[in-house]
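Single-structure report; data block below.
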Amino acid sequence: MKKIKKRSRREFLIVVVILIIIALFLLGGFLFNRTAFDKEVRECMQLSVFQSLCVANIAIERKDIGVCTQTFPRIGGSAGRSGCVISYVEETGDAEACDFLLNELMIPDCLLNAISSNPNPEICEEISEVFYKNDCYYDLAEKTKDPQYCSYINEDCQEDSRCTWLKNGCVMNAQNG
């Protein structure tokens, strides 16, 4: 009976060692691919200026906002992250990527940047602040050359004279855009 237990422990240890070797092999392949990726990002980070734009170009090329969020983590690097995310959104029109901004006050402006590549009225509906929503419909009307979006501009914002200005200039800009 003792021989069976010793043998099963030995077999168990062999299986565990084999599983560890397989895990290390798989992890090694992942790390190898990650090293090539990190090399491009490291080159960007060596720049004295335009680091976030450089990283954003990699993210755009790979169609992966994760490049921005991994390069500029939550702790520190918020300016780099913001620049990277906004550049990515402006080029791709991916409005959902705005959710990765650390400063929530920047989200409406980020959504406006999405309109330039993705003229989708649903993006404007995501904006709660009246002026930014109005600005979004203005940009949408201008981008699509469709003055119907001007009717969505809310003139009922008495405290902000910009609303009236947007409404008055919208139709003209949409038709002449």
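Going by the structure tokens order, chains are called A, B, ..., each with residues numbered from 1, while ligands are numbered from 1 in the order shown.
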
* For Gln51 in chain A, please output as an MDAnalysis selection string all residues within 12 Å (counting only C-alpha atoms; exclusion window: fewer than 5 positions along the same chain). => chainID A and resid 40:46 56:58 68 71:72 77 79:84 87

Using only C-alpha atoms, find each residue in range 114-163 of chain A having at least one atom no more than 12 Å away from range 89-108 of chain A; report its shortest atom-to-atom pair and that distance in Å (one decimal), rows by chain then rising number, as a Markdown table.
```
| residue | atom | partner | partner_atom | distance |
| --- | --- | --- | --- | --- |
| A:Ala114 | CA | A:Gly93 | CA | 4.2 |
| A:Ile115 | CA | A:Gly93 | CA | 6.5 |
| A:Ser116 | CA | A:Glu90 | CA | 6.5 |
| A:Ser117 | CA | A:Gly93 | CA | 4.6 |
| A:Asn118 | CA | A:Gly93 | CA | 4.6 |
| A:Pro119 | CA | A:Gly93 | CA | 8.2 |
| A:Asn120 | CA | A:Gly93 | CA | 9.2 |
| A:Pro121 | CA | A:Ala95 | CA | 11.4 |
| A:Glu122 | CA | A:Ala95 | CA | 9.8 |
| A:Ile123 | CA | A:Ala95 | CA | 6.9 |
| A:Cys124 | CA | A:Pro108 | CA | 9.0 |
| A:Glu125 | CA | A:Pro108 | CA | 10.7 |
| A:Glu126 | CA | A:Pro108 | CA | 8.5 |
| A:Ile127 | CA | A:Pro108 | CA | 5.9 |
| A:Ser128 | CA | A:Pro108 | CA | 8.1 |
| A:Glu129 | CA | A:Pro108 | CA | 7.6 |
| A:Val130 | CA | A:Pro108 | CA | 10.1 |
| A:Phe131 | CA | A:Pro108 | CA | 9.7 |
| A:Tyr132 | CA | A:Pro108 | CA | 6.3 |
| A:Lys133 | CA | A:Pro108 | CA | 8.0 |
| A:Asn134 | CA | A:Pro108 | CA | 11.1 |
| A:Asp135 | CA | A:Pro108 | CA | 10.0 |
| A:Cys136 | CA | A:Pro108 | CA | 9.0 |
```

* Find the residues near Cys170 in chain A: any atom within 8 Å, counting only C-alpha atoms, skip ones fewer than 6 places away on the same chain, and give them as a PyMOL selection string. => chain A and resi 138+141-142+147+150

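The nearest approach to Asn173 in chain A among the residues A:Phe50, A:Tyr137, A:Phe12, A:Tyr88, with only C-alpha atoms taken into account, belongs to A:Tyr137.
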
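In this structure, CA of Gln70 in chain A sits 12.0 Å away from CA of Ser52 in chain A.
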
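Across the structure, CA of Val85 in chain A and CA of Ala59 in chain A are spaced 9.0 Å apart.
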
* To do: Within range 35-153 of chain A, find each residue whose DSSP state, derived from the backbone, is alpha helix (DSSP H), and express the selection as number ranges by chain.
  => A: 35-45, 51-62, 66-71, 78-92, 107-115, 121-125, 130-144

* For Cys54 in chain A, which of A:Cys163, A:Val67, A:Leu140, A:Ile153 is the closest residue, counting only C-alpha atoms? -> A:Val67

* Which one of A:Val15, A:Thr164, A:Ile60, A:Ala174 sits closest to Asp146 in chain A if you count only C-alpha atoms? -> A:Ala174

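For the pair CA of Pro73 in chain A and CA of Leu47 in chain A, the interatomic distance is 18.1 Å.
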